[in-house]
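Peer 1: Structure below; questions to follow.
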Amino acid sequence: MNYRKLKIFYSVSETLNMTKSSKKMYISQSAVSQIIKELEEELGVVLFERIYKRLYLTEEGMLFKEYTRRILNMWDDMNEHMQSKKKNILIKVGGSTISGIYLLPYLCKNFSTIYNNVNFNIQIDNTTKIIKKVLENEIDIGIIDGIMPNNNEIISIEMQKDYLKVVTPNIEKFKNKEEFTIEDFKNESMILREEGSGTRQTVDEYIEKLNIKAANKMVIGNNEAIKKMVEIGLGITIISTLAIENEILEEKLLAFNIAGTEISRHFHIIIHKDKYISSMLNNFIDLLKRGF
């Protein structure tokens with residue numbers, strides 16, 4: 001069993017197609033088939049079921065896939081760390097949509113002023129996808145909001161608090177309001193983020209907790225689009241105050257608390273528990289914990 005065999009097995013476990021994996025790995029299909037056979041013989045288990053010319057992972061195959069992913073992640077970490085000794089250090093960091101756009105760039109800039117030999121690769125996606133990138137070692141570290149993943153492979157470290165408010169267009173109807181009530185929602189259309197977004201998780205939690213009933217709901221996977229739709233009067237939303245600072249200053253939008261309730265959550269740093277934490281990555285984590 002070696003790195004190459006594990007890499008080929010993992011590719012097949014992802015595609016469930018030996019032809020696709022052979023093309024991806026630049027080897028023949030017969031070689032892929034032989035390597036899978038050798039692994040099964042070494043392990044003494046069947047990794048794939050072959051039913052009507054389709055591949056399915058067995059229970060043992062699914063378990064082996066998880067171990068393989070972790071082994072490959074650690075190998076890549078080791079190789080990357082060895083190479084980093086020869087050049088500038090690269091930190092790959094992922095942020096959920098709110099933290100990635102409105103928080104992370106400033107934190108990276110602050111860090112770069114202290115350590116000028118560090119480069120950043122920043123990836124922005126929704127919370128669910130950032131968690132996946134951490135698990136698959138596509139990024140070194142993630143910053144997410146919303147509900148924390150229930151996964152024993154992930155270490156979570158609490159960061160600063162984030163506050164969410166009800167946001168409306170700046171029109172006469174809302175100008176004299178001091179706060180939003182539960183009853184106010186019944187006459188409004190709500191514009192929400194997509195499933196998998198940390199903001200959507202937090203908002204859904206409060207909607208259920210407070211028994212909020214809106215006239216109807218729209219789902220948009222982009223905060224900038226949501227703000228624009230609110231601004232032109234297509235509905236209201238609940239969003240992080242970090243995302244609306246400019247629009248509030250420019251009086252394009254209005255922001256309100258819900259009567260008797262504070263909507264908030266914490267940002268969290270997430271790291272794979274097997275991740276090698278270099279001294280520079282540890283310094284970056286310390287800065288993230290301090291926040292702005």
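Going through the structure tokens in order, the chains are called A, B, and so on, while each chain numbers its residues from 1 and the ligands are numbered from 1 in the order shown.
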Applying 9 Å and only C-alpha atoms, which residues near segment 257-262 of chain A remain after dropping the ones on its own chain fewer than 3 positions away? List them as a PyMOL selection string.
Peer 2: chain A and resi 163-166+178-182
Peer 1: Considering only C-alpha atoms, return as an NGL selection string whatever protein or nucleic-acid residues lie within 9 Å of segment 118-130 of chain A, sequence-local ones (same chain, fewer than 5 positions apart) excluded.
Peer 2: :A and (88-101 or 104-105 or 108 or 111-112 or 135 or 139 or 142-146 or 149 or 194-199 or 221 or 280)
Peer 1: At a cut-off of 8 Å, using only C-alpha atoms, what residues contact Ser189 of chain A? Leave out same-chain residues fewer than 6 positions from it and give the result as a VMD selection string.
Peer 2: chain A and resid 214 to 218 234 to 236
Peer 1: Save out the residues we just selected, all heavy atoms, as a PDB file, in the first residue's frame.
Peer 2:
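Okay, this is what ended up in out11.pdb:
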```pdb
ATOM      1  N   ALA A 214     -43.956  35.206   7.527  1.00  0.00           N
ATOM      2  CA  ALA A 214     -43.868  36.251   6.498  1.00  0.00           C
ATOM      3  C   ALA A 214     -44.900  35.986   5.420  1.00  0.00           C
ATOM      4  O   ALA A 214     -45.399  34.856   5.260  1.00  0.00           O
ATOM      5  CB  ALA A 214     -42.467  36.270   5.888  1.00  0.00           C
ATOM      6  N   ALA A 215     -45.251  37.041   4.649  1.00  0.00           N
ATOM      7  CA  ALA A 215     -46.241  36.895   3.578  1.00  0.00           C
ATOM      8  C   ALA A 215     -45.768  35.865   2.551  1.00  0.00           C
ATOM      9  O   ALA A 215     -46.528  35.015   2.100  1.00  0.00           O
ATOM     10  CB  ALA A 215     -46.496  38.249   2.911  1.00  0.00           C
ATOM     11  N   ASN A 216     -44.496  35.921   2.152  1.00  0.00           N
ATOM     12  CA  ASN A 216     -43.886  34.910   1.292  1.00  0.00           C
ATOM     13  C   ASN A 216     -42.375  35.035   1.395  1.00  0.00           C
ATOM     14  O   ASN A 216     -41.857  35.964   2.008  1.00  0.00           O
ATOM     15  CB  ASN A 216     -44.365  35.035  -0.168  1.00  0.00           C
ATOM     16  CG  ASN A 216     -44.116  36.419  -0.729  1.00  0.00           C
ATOM     17  OD1 ASN A 216     -42.977  36.828  -0.897  1.00  0.00           O
ATOM     18  ND2 ASN A 216     -45.191  37.155  -1.006  1.00  0.00           N
ATOM     19  N   LYS A 217     -41.671  34.086   0.796  1.00  0.00           N
ATOM     20  CA  LYS A 217     -40.211  34.060   0.904  1.00  0.00           C
ATOM     21  C   LYS A 217     -39.578  33.880  -0.464  1.00  0.00           C
ATOM     22  O   LYS A 217     -40.086  33.160  -1.310  1.00  0.00           O
ATOM     23  CB  LYS A 217     -39.776  32.919   1.822  1.00  0.00           C
ATOM     24  CG  LYS A 217     -40.230  33.054   3.265  1.00  0.00           C
ATOM     25  CD  LYS A 217     -39.841  31.831   4.080  1.00  0.00           C
ATOM     26  CE  LYS A 217     -40.359  31.942   5.516  1.00  0.00           C
ATOM     27  NZ  LYS A 217     -40.063  30.721   6.291  1.00  0.00           N
ATOM     28  N   MET A 218     -38.448  34.573  -0.652  1.00  0.00           N
ATOM     29  CA  MET A 218     -37.619  34.383  -1.839  1.00  0.00           C
ATOM     30  C   MET A 218     -36.239  33.942  -1.381  1.00  0.00           C
ATOM     31  O   MET A 218     -35.788  34.362  -0.313  1.00  0.00           O
ATOM     32  CB  MET A 218     -37.516  35.683  -2.642  1.00  0.00           C
ATOM     33  CG  MET A 218     -38.796  36.107  -3.325  1.00  0.00           C
ATOM     34  SD  MET A 218     -38.536  37.602  -4.319  1.00  0.00           S
ATOM     35  CE  MET A 218     -38.615  38.859  -3.034  1.00  0.00           C
ATOM     36  N   LEU A 234     -38.386  45.030  -3.050  1.00  0.00           N
ATOM     37  CA  LEU A 234     -38.946  43.705  -3.329  1.00  0.00           C
ATOM     38  C   LEU A 234     -39.179  42.883  -2.069  1.00  0.00           C
ATOM     39  O   LEU A 234     -39.764  41.803  -2.133  1.00  0.00           O
ATOM     40  CB  LEU A 234     -38.032  42.925  -4.282  1.00  0.00           C
ATOM     41  CG  LEU A 234     -38.000  43.429  -5.722  1.00  0.00           C
ATOM     42  CD1 LEU A 234     -37.009  42.624  -6.540  1.00  0.00           C
ATOM     43  CD2 LEU A 234     -39.388  43.348  -6.351  1.00  0.00           C
ATOM     44  N   GLY A 235     -38.703  43.359  -0.929  1.00  0.00           N
ATOM     45  CA  GLY A 235     -38.899  42.632   0.314  1.00  0.00           C
ATOM     46  C   GLY A 235     -37.958  43.124   1.393  1.00  0.00           C
ATOM     47  O   GLY A 235     -37.295  44.150   1.245  1.00  0.00           O
ATOM     48  N   ILE A 236     -37.924  42.383   2.503  1.00  0.00           N
ATOM     49  CA  ILE A 236     -37.020  42.688   3.609  1.00  0.00           C
ATOM     50  C   ILE A 236     -36.123  41.470   3.842  1.00  0.00           C
ATOM     51  O   ILE A 236     -36.377  40.398   3.294  1.00  0.00           O
ATOM     52  CB  ILE A 236     -37.796  43.041   4.896  1.00  0.00           C
ATOM     53  CG1 ILE A 236     -38.592  41.814   5.388  1.00  0.00           C
ATOM     54  CG2 ILE A 236     -38.720  44.230   4.660  1.00  0.00           C
ATOM     55  CD1 ILE A 236     -39.212  41.990   6.760  1.00  0.00           C
TER      56      ILE A 236
END
```
Peer 1: Where in segment 127-247 of chain A does DSSP assign helix (DSSP H, G or I), given as number ranges by chain?
Peer 2: A: 127-135, 172-175, 183-187, 198-210, 223-231, 241-243, 245-247
Peer 1: Emit the selected residues as a compact mmCIF listing (two decimals), in the first residue's frame, including N, CA and C atoms.
Peer 2:
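The result, stored in result.txt:
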```
# COMPACT_ATOMS: atom_id res chain seq x y z
N THR A 127 -21.14 28.32 4.15
CA THR A 127 -20.59 27.61 5.31
C THR A 127 -20.41 26.12 5.04
N THR A 128 -21.43 25.48 4.46
CA THR A 128 -21.36 24.04 4.20
C THR A 128 -20.17 23.69 3.32
N LYS A 129 -19.92 24.48 2.30
CA LYS A 129 -18.82 24.20 1.37
C LYS A 129 -17.46 24.50 1.99
N ILE A 130 -17.39 25.49 2.86
CA ILE A 130 -16.12 25.77 3.56
C ILE A 130 -15.77 24.61 4.49
N ILE A 131 -16.76 24.07 5.17
CA ILE A 131 -16.53 22.89 6.02
C ILE A 131 -15.98 21.74 5.19
N LYS A 132 -16.56 21.51 4.01
CA LYS A 132 -16.12 20.44 3.12
C LYS A 132 -14.66 20.66 2.68
N LYS A 133 -14.32 21.92 2.39
CA LYS A 133 -12.95 22.23 1.95
C LYS A 133 -11.94 21.97 3.07
N VAL A 134 -12.33 22.22 4.32
CA VAL A 134 -11.45 21.91 5.45
C VAL A 134 -11.26 20.41 5.58
N LEU A 135 -12.35 19.66 5.47
CA LEU A 135 -12.28 18.20 5.58
C LEU A 135 -11.41 17.58 4.49
N GLU A 172 -40.91 55.63 3.24
CA GLU A 172 -41.73 56.27 4.26
C GLU A 172 -42.35 55.27 5.24
N LYS A 173 -42.75 54.13 4.72
CA LYS A 173 -43.41 53.10 5.53
C LYS A 173 -42.59 52.69 6.75
N PHE A 174 -41.26 52.71 6.61
CA PHE A 174 -40.40 52.22 7.69
C PHE A 174 -39.65 53.32 8.43
N LYS A 175 -39.68 54.55 7.93
CA LYS A 175 -38.80 55.61 8.46
C LYS A 175 -39.04 55.94 9.92
N GLU A 183 -45.55 40.75 14.42
CA GLU A 183 -46.71 41.03 13.56
C GLU A 183 -46.31 41.73 12.27
N ASP A 184 -45.26 42.55 12.32
CA ASP A 184 -44.83 43.30 11.14
C ASP A 184 -44.43 42.39 9.98
N PHE A 185 -43.93 41.20 10.30
CA PHE A 185 -43.46 40.29 9.26
C PHE A 185 -44.60 39.76 8.38
N LYS A 186 -45.81 39.72 8.93
CA LYS A 186 -46.93 39.09 8.22
C LYS A 186 -47.28 39.79 6.92
N ASN A 187 -46.93 41.07 6.81
CA ASN A 187 -47.26 41.83 5.60
C ASN A 187 -46.07 42.00 4.67
N GLY A 198 -24.51 29.97 6.43
CA GLY A 198 -24.53 30.15 7.87
C GLY A 198 -25.58 31.16 8.30
N THR A 199 -25.73 32.24 7.51
CA THR A 199 -26.76 33.24 7.81
C THR A 199 -28.15 32.60 7.74
N ARG A 200 -28.37 31.77 6.72
CA ARG A 200 -29.67 31.11 6.59
C ARG A 200 -29.94 30.21 7.80
N GLN A 201 -28.92 29.49 8.27
CA GLN A 201 -29.09 28.64 9.45
C GLN A 201 -29.52 29.46 10.66
N THR A 202 -28.83 30.59 10.87
CA THR A 202 -29.14 31.44 12.02
C THR A 202 -30.55 32.03 11.90
N VAL A 203 -30.88 32.53 10.71
CA VAL A 203 -32.21 33.13 10.50
C VAL A 203 -33.30 32.10 10.67
N ASP A 204 -33.14 30.91 10.11
CA ASP A 204 -34.15 29.85 10.26
C ASP A 204 -34.36 29.50 11.73
N GLU A 205 -33.28 29.50 12.49
CA GLU A 205 -33.36 29.18 13.92
C GLU A 205 -34.23 30.20 14.64
N TYR A 206 -34.03 31.50 14.32
CA TYR A 206 -34.82 32.55 14.97
C TYR A 206 -36.25 32.59 14.46
N ILE A 207 -36.45 32.30 13.17
CA ILE A 207 -37.80 32.27 12.61
C ILE A 207 -38.64 31.22 13.33
N GLU A 208 -38.02 30.06 13.55
CA GLU A 208 -38.73 28.98 14.26
C GLU A 208 -38.94 29.33 15.73
N LYS A 209 -37.89 29.86 16.36
CA LYS A 209 -37.97 30.20 17.78
C LYS A 209 -39.02 31.26 18.07
N LEU A 210 -39.12 32.27 17.20
CA LEU A 210 -40.04 33.40 17.43
C LEU A 210 -41.38 33.21 16.72
N ASN A 223 -25.40 37.89 -1.15
CA ASN A 223 -25.78 38.99 -0.25
C ASN A 223 -25.94 40.32 -0.98
N GLU A 224 -25.07 40.59 -1.97
CA GLU A 224 -25.17 41.85 -2.69
C GLU A 224 -26.50 41.93 -3.46
N ALA A 225 -26.91 40.81 -4.04
CA ALA A 225 -28.20 40.77 -4.76
C ALA A 225 -29.36 40.96 -3.78
N ILE A 226 -29.25 40.35 -2.60
CA ILE A 226 -30.30 40.50 -1.59
C ILE A 226 -30.44 41.97 -1.19
N LYS A 227 -29.31 42.63 -0.93
CA LYS A 227 -29.36 44.04 -0.52
C LYS A 227 -29.99 44.91 -1.61
N LYS A 228 -29.65 44.63 -2.85
CA LYS A 228 -30.20 45.41 -3.96
C LYS A 228 -31.71 45.19 -4.09
N MET A 229 -32.15 43.95 -3.90
CA MET A 229 -33.59 43.65 -3.99
C MET A 229 -34.36 44.33 -2.87
N VAL A 230 -33.75 44.37 -1.67
CA VAL A 230 -34.38 45.09 -0.55
C VAL A 230 -34.44 46.58 -0.86
N GLU A 231 -33.35 47.11 -1.36
CA GLU A 231 -33.26 48.55 -1.65
C GLU A 231 -34.35 49.00 -2.62
N THR A 241 -24.87 42.88 10.32
CA THR A 241 -24.61 44.32 10.27
C THR A 241 -23.31 44.63 9.52
N LEU A 242 -22.38 43.66 9.47
CA LEU A 242 -21.15 43.87 8.72
C LEU A 242 -21.42 44.09 7.24
N ALA A 243 -22.49 43.45 6.75
CA ALA A 243 -22.78 43.48 5.31
C ALA A 243 -23.51 44.74 4.88
N GLU A 245 -23.10 48.05 6.40
CA GLU A 245 -22.55 49.30 6.96
C GLU A 245 -22.61 50.45 5.95
N ASN A 246 -22.16 50.20 4.73
CA ASN A 246 -22.13 51.27 3.72
C ASN A 246 -23.53 51.72 3.34
N GLU A 247 -24.43 50.76 3.15
CA GLU A 247 -25.80 51.09 2.72
C GLU A 247 -26.56 51.88 3.79
```
Peer 1: Considering only C-alpha atoms, can you say which of A:Leu57, A:Ile285, A:Ile191, A:Ile269 comes closest to Leu16 of chain A?
Peer 2: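 Of all the options, A:Leu57 lies closest to Leu16 of chain A.
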Peer 1: With only C-alpha atoms as the counted atoms, please give the residues lying no more than 12 Å from Thr15 of chain A, apart from itself and same-chain residues fewer than 5 positions off, as a PyMOL selection string.
Peer 2: chain A and resi 8-10+20-25+54-57
Peer 1: Okay, now the selection with N, CA and C atoms, as a compact mmCIF listing (two decimals), in the first residue's frame?
Peer 2:
```
# COMPACT_ATOMS: atom_id res chain seq x y z
N ILE A 8 -5.27 6.71 -6.14
CA ILE A 8 -6.11 6.11 -7.17
C ILE A 8 -7.41 5.59 -6.56
N PHE A 9 -7.30 4.91 -5.40
CA PHE A 9 -8.52 4.45 -4.73
C PHE A 9 -9.45 5.62 -4.42
N TYR A 10 -8.88 6.73 -3.88
CA TYR A 10 -9.73 7.86 -3.50
C TYR A 10 -10.43 8.46 -4.72
N LYS A 20 -13.40 7.22 -15.74
CA LYS A 20 -13.15 8.62 -15.40
C LYS A 20 -11.89 8.77 -14.56
N SER A 21 -11.70 7.87 -13.60
CA SER A 21 -10.52 7.95 -12.74
C SER A 21 -9.24 7.67 -13.51
N SER A 22 -9.30 6.74 -14.45
CA SER A 22 -8.09 6.43 -15.23
C SER A 22 -7.65 7.63 -16.06
N LYS A 23 -8.64 8.35 -16.61
CA LYS A 23 -8.31 9.56 -17.39
C LYS A 23 -7.77 10.66 -16.48
N LYS A 24 -8.36 10.78 -15.31
CA LYS A 24 -7.94 11.81 -14.37
C LYS A 24 -6.52 11.54 -13.86
N MET A 25 -6.19 10.26 -13.66
CA MET A 25 -4.89 9.88 -13.11
C MET A 25 -3.86 9.56 -14.19
N ARG A 54 -22.13 -0.89 -12.54
CA ARG A 54 -21.94 0.33 -11.75
C ARG A 54 -21.23 0.00 -10.45
N LEU A 55 -20.41 0.94 -9.97
CA LEU A 55 -19.67 0.75 -8.73
C LEU A 55 -20.38 1.40 -7.55
N TYR A 56 -20.36 0.70 -6.42
CA TYR A 56 -20.91 1.22 -5.18
C TYR A 56 -19.92 0.91 -4.07
N LEU A 57 -19.64 1.88 -3.21
CA LEU A 57 -18.77 1.62 -2.07
C LEU A 57 -19.47 0.71 -1.07
```
Peer 1: Return as JSON, numbers by chain the full set of residues in segment 13-189 of chain A whose backbone-based DSSP assignment is strand (DSSP E or B).
Peer 2: {"A": [48, 49, 50, 51, 54, 55, 56, 57, 89, 90, 91, 92, 93, 94, 95, 118, 119, 120, 121, 122, 123, 124, 141, 142, 143, 144, 154, 155, 156, 157, 158, 159, 160, 161, 162, 163, 164, 165, 166, 167, 168, 169, 180, 189]}
Peer 1: Calculated over only C-alpha atoms, which of the candidates A:Tyr276, A:Tyr26, A:Tyr115, A:Tyr52 has the smallest distance to Asn73 of chain A?
Peer 2: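 Residue with the minimum atom-to-atom distance to Asn73 of chain A: A:Tyr276.
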Peer 1: May I ask which of the residues A:Ile147, A:Leu6, A:Ile220, A:Ile248 is the closest one to Pro169 of chain A, counting only C-alpha atoms?
Peer 2: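 Under the stated criterion, the closest residue is A:Ile248.
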Peer 1: Just the number, please: distance in Å from atom CA of His268 of chain A to atom CA of Glu158 of chain A, one decimal.
Peer 2: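 Computing it gives 4.6 Å between the two atoms.
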Peer 1: For Glu42 of chain A, please output as an NGL selection string all residues within 12 Å (counting only C-alpha atoms; exclusion window: fewer than 5 positions along the same chain).
Peer 2: :A and (1-2 or 5 or 35-37 or 47)
Peer 1: I need the residues from that last selection saved to file as a compact mmCIF listing (two decimals), in the first residue's frame (with C-alpha atoms), if you can.
Peer 2:
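Listing of result32.txt after writing:
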```txt
# COMPACT_ATOMS: atom_id res chain seq x y z
CA MET A 1 0.00 0.00 0.00
CA ASN A 2 1.49 3.37 -1.00
CA LYS A 5 -2.49 3.40 -4.66
CA ILE A 35 -4.75 -1.53 -8.04
CA ILE A 36 -8.24 -1.75 -6.53
CA LYS A 37 -7.95 -5.55 -6.61
CA LEU A 47 -14.15 -2.12 -1.18
```
Peer 1: How far is it from atom CA of Gly61 of chain A to atom CA of Val45 of chain A, in Å with one decimal?
Peer 2: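 According to the coordinates, atom CA of Gly61 of chain A and atom CA of Val45 of chain A are separated by 8.3 Å.
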Peer 1: For Gly291 of chain A, which of A:Ile171, A:Leu254, A:Ile232, A:Leu107 is the closest residue, counting only C-alpha atoms?
Peer 2: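 Of the candidates, the smallest distance to Gly291 of chain A is held by A:Leu107.
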Peer 1: Looking at A:Asp162, A:Gly233, A:Trp75, A:Val32, which one is nearest to Glu188 of chain A, with distances taken over only C-alpha atoms?
Peer 2: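 When distances to Glu188 of chain A are compared using only C-alpha atoms, the smallest one comes from A:Gly233.
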Peer 1: Can you tell me how far atom CA of Ile141 of chain A sits from atom CA of Ile154 of chain A, in Å to one decimal?
Peer 2: 10.3 Å
Peer 1: Nearest to Lys275 of chain A: which of A:Asn211, A:Ser156, A:Asn137, A:Asn176 is it, counting only C-alpha atoms?
Peer 2: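 The closest residue to Lys275 of chain A is A:Asn137.
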